[in-house]
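Enquirer: Next up is a structure, given as structure tokens.
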Amino acid sequence: MAITSHDVARLAGVSQPTVSRALRDDPRVSAATREKVRRAAQALNYVPSEAGRTLSTRSTRRIGVIVTDLTNPFYPHVIAPLHDELQRLGYRMMLLTERSDEAVAEENLLDQSLDGVVLATATTDSRLPAQLDRRGMPYVFLNRDTGGRGDYASVVDNEGGGRLVADVLVGLGHRRIAGVFGAANTTTGRERELGFRLALADAGIGLPEDRVARGAFEFDTGYRALPFLLDAAEVPTAVFCGNDVVAIGVLNAALAAGLRVPDDLTVIGFDDLPMAAWEVFRLTTVRHDLRELSRQAARLLVRRIDGEADPAGERLVLPTEFVPRATHTRLS
């Protein structure tokens, strides 16, 4: 007769559910118990059946992660720690890449092959969260959310980060300030712009539309925006960018235009990607903990799957800090 998990449980002196949890390295099982179960499984030549486990528990131990912009250097730095934390919690990650959330076929997420979903590139007008809600599929937002009450999300204090940049620029004596912000249908774009504008307004400084550009969080957005900003009625002395990738686009456009950074133009980014510290950029930016952003998203999703999350929603917000490097200066 075939060896079953019940046989392993009897030999190890534990319950059958403990065997299942131990063999998938569930952190809720102590290291000593996991080792005891592994030794019993080896002694019996027991190999877990993934199909049988799924049928008996109605759990696949798989998490889908939706990313619609893999060309953005931001996402590899959050996907890797997300994978590692989900693995630590006993889940496998499946990366789903499409051009938009809407292109993710509903049946791909709701065919009982996944236990939960991480939405990493959600927009405020996406219909996918409502579809997941209707079908009872647990999900969390990573980095972006809808901005609505009841979200389960791991995000950054974007508004606070925007305020931080404005305060620094004002303190450096800048008054002709520009912004290259993210898309209006992203909470990261809207909140960073909002915090920046509010802090400038507190200092009595306006942000006219000829010194504002918006677009996707990508290099070309920054590269195309700078010539437009340089045509403003009052040429800016400083530019706040929606993220580091946009800022690098602005830096390249400034070089092409013959501008010296920071002598002619201060440029500040957001996120503090590892590449921002490269000597070729040495970008002044706003930092938050990219790895913790992902880890807390994974933990929140697992708690939601287990029915342990707050039914009213949980929005976990990471703080930001200013990182001075070589692309900002004080006006003389």
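Identifiers in this document derive from the order of the structure tokens: chains are assigned A, B, ..., residues are numbered from 1 separately in each chain, and ligands are numbered from 1 in order of occurrence.
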Determine, counting only C-alpha atoms, which protein, DNA and RNA residues have an atom within 7 Å of an atom of Val19 in chain A; residues of the same chain fewer than 3 positions away are not included. Present the result as an NGL selection string.
Expert: :A and (5 or 9 or 15-16 or 22-23 or 37)
Enquirer: Store the residues picked out above in a file with all heavy atoms, as a PDB file, in the first residue's frame.
Expert:
ATOM      1  N   SER A   5       0.398  10.564   4.322  1.00  0.00           N
ATOM      2  CA  SER A   5       0.816  11.524   5.353  1.00  0.00           C
ATOM      3  C   SER A   5       0.355  11.086   6.740  1.00  0.00           C
ATOM      4  O   SER A   5       0.960  11.451   7.755  1.00  0.00           O
ATOM      5  CB  SER A   5       0.263  12.919   5.034  1.00  0.00           C
ATOM      6  OG  SER A   5      -1.149  12.899   4.984  1.00  0.00           O
ATOM      7  N   ALA A   9       2.565  10.882  10.075  1.00  0.00           N
ATOM      8  CA  ALA A   9       2.112  11.501  11.319  1.00  0.00           C
ATOM      9  C   ALA A   9       2.227  10.527  12.486  1.00  0.00           C
ATOM     10  O   ALA A   9       2.673  10.902  13.590  1.00  0.00           O
ATOM     11  CB  ALA A   9       0.669  11.986  11.158  1.00  0.00           C
ATOM     12  N   SER A  15       0.068  15.340  14.451  1.00  0.00           N
ATOM     13  CA  SER A  15      -1.168  15.241  13.675  1.00  0.00           C
ATOM     14  C   SER A  15      -0.873  15.299  12.175  1.00  0.00           C
ATOM     15  O   SER A  15       0.192  15.785  11.752  1.00  0.00           O
ATOM     16  CB  SER A  15      -2.118  16.379  14.049  1.00  0.00           C
ATOM     17  OG  SER A  15      -1.585  17.625  13.623  1.00  0.00           O
ATOM     18  N   GLN A  16      -1.829  14.810  11.390  1.00  0.00           N
ATOM     19  CA  GLN A  16      -1.643  14.855   9.924  1.00  0.00           C
ATOM     20  C   GLN A  16      -1.532  16.285   9.399  1.00  0.00           C
ATOM     21  O   GLN A  16      -0.671  16.556   8.545  1.00  0.00           O
ATOM     22  CB  GLN A  16      -2.795  14.106   9.237  1.00  0.00           C
ATOM     23  CG  GLN A  16      -2.622  13.933   7.726  1.00  0.00           C
ATOM     24  CD  GLN A  16      -3.097  15.143   6.938  1.00  0.00           C
ATOM     25  OE1 GLN A  16      -3.984  15.864   7.411  1.00  0.00           O
ATOM     26  NE2 GLN A  16      -2.525  15.372   5.765  1.00  0.00           N
ATOM     27  N   ALA A  22       4.526  21.047   8.134  1.00  0.00           N
ATOM     28  CA  ALA A  22       5.971  20.897   8.314  1.00  0.00           C
ATOM     29  C   ALA A  22       6.684  20.659   6.990  1.00  0.00           C
ATOM     30  O   ALA A  22       7.765  21.196   6.741  1.00  0.00           O
ATOM     31  CB  ALA A  22       6.256  19.756   9.281  1.00  0.00           C
ATOM     32  N   LEU A  23       6.078  19.862   6.105  1.00  0.00           N
ATOM     33  CA  LEU A  23       6.733  19.520   4.838  1.00  0.00           C
ATOM     34  C   LEU A  23       6.706  20.664   3.830  1.00  0.00           C
ATOM     35  O   LEU A  23       7.385  20.593   2.814  1.00  0.00           O
ATOM     36  CB  LEU A  23       6.092  18.258   4.238  1.00  0.00           C
ATOM     37  CG  LEU A  23       6.353  16.977   5.030  1.00  0.00           C
ATOM     38  CD1 LEU A  23       5.660  15.789   4.377  1.00  0.00           C
ATOM     39  CD2 LEU A  23       7.854  16.706   5.166  1.00  0.00           C
ATOM     40  N   VAL A  37       9.424  15.523  11.513  1.00  0.00           N
ATOM     41  CA  VAL A  37       8.536  15.085  10.432  1.00  0.00           C
ATOM     42  C   VAL A  37       9.353  14.711   9.199  1.00  0.00           C
ATOM     43  O   VAL A  37       9.074  13.697   8.529  1.00  0.00           O
ATOM     44  CB  VAL A  37       7.519  16.193  10.101  1.00  0.00           C
ATOM     45  CG1 VAL A  37       6.771  15.868   8.810  1.00  0.00           C
ATOM     46  CG2 VAL A  37       6.534  16.371  11.246  1.00  0.00           C
TER      47      VAL A  37
END
Enquirer: Show which residues sit within 12 Å of range 181-186 of chain A, as a VMD selection string. Count only C-alpha atoms, and ignore same-chain residues fewer than 5 positions away.
Expert: chain A and resid 120 to 126 143 to 147 158 162 191 to 197 209 211 to 219 221 to 222 225 239 to 247 250 268 to 270
Enquirer: As JSON, numbers by chain, please: the residues near range 318-331 of chain A (cut-off 7 Å, only C-alpha atoms, same-chain neighbours under 6 positions excluded).
Expert: {"A": [155, 156, 157, 161, 172, 173, 174, 261, 262, 263, 266, 267, 268, 282, 283, 284, 285, 286, 287, 288]}
Enquirer: Could you dump the residues just selected with C-alpha atoms as a PDB file, in the first residue's frame?
Expert:
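So selection-v1.pdb came out as:
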ATOM      1  CA  VAL A 155       2.436  51.208   0.531  1.00  0.00           C
ATOM      2  CA  VAL A 156       4.800  54.142   1.090  1.00  0.00           C
ATOM      3  CA  ASP A 157       4.063  57.498   2.700  1.00  0.00           C
ATOM      4  CA  GLY A 161       7.771  62.034   0.784  1.00  0.00           C
ATOM      5  CA  LEU A 172      17.792  75.514  -0.414  1.00  0.00           C
ATOM      6  CA  GLY A 173      16.364  78.767  -1.751  1.00  0.00           C
ATOM      7  CA  HIS A 174      14.575  77.421  -4.831  1.00  0.00           C
ATOM      8  CA  VAL A 261      23.484  69.300 -12.741  1.00  0.00           C
ATOM      9  CA  PRO A 262      23.252  70.585 -10.054  1.00  0.00           C
ATOM     10  CA  ASP A 263      24.777  73.983 -10.931  1.00  0.00           C
ATOM     11  CA  THR A 266      18.638  70.498  -9.231  1.00  0.00           C
ATOM     12  CA  VAL A 267      17.043  67.076  -9.851  1.00  0.00           C
ATOM     13  CA  ILE A 268      15.468  64.921  -7.124  1.00  0.00           C
ATOM     14  CA  ARG A 282      24.627  59.881  -7.577  1.00  0.00           C
ATOM     15  CA  LEU A 283      20.977  60.909  -7.552  1.00  0.00           C
ATOM     16  CA  THR A 284      19.512  62.842  -4.654  1.00  0.00           C
ATOM     17  CA  THR A 285      16.257  61.077  -3.835  1.00  0.00           C
ATOM     18  CA  VAL A 286      13.699  59.896  -1.280  1.00  0.00           C
ATOM     19  CA  ARG A 287      14.281  56.510   0.316  1.00  0.00           C
ATOM     20  CA  HIS A 288      11.922  53.886   1.672  1.00  0.00           C
TER      21      HIS A 288
END
Enquirer: Could you work out how far CA of Val165 in chain A lies from CA of Pro227 in chain A, giving the answer in Å with one decimal?
Expert: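 Computing it gives 22.1 Å between the two atoms.
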Enquirer: Could you check which of A:Gly116, A:Gly13, A:Pro236, A:Gly313 is closest to Leu169 in chain A, using only C-alpha atoms?
Expert: A:Pro236
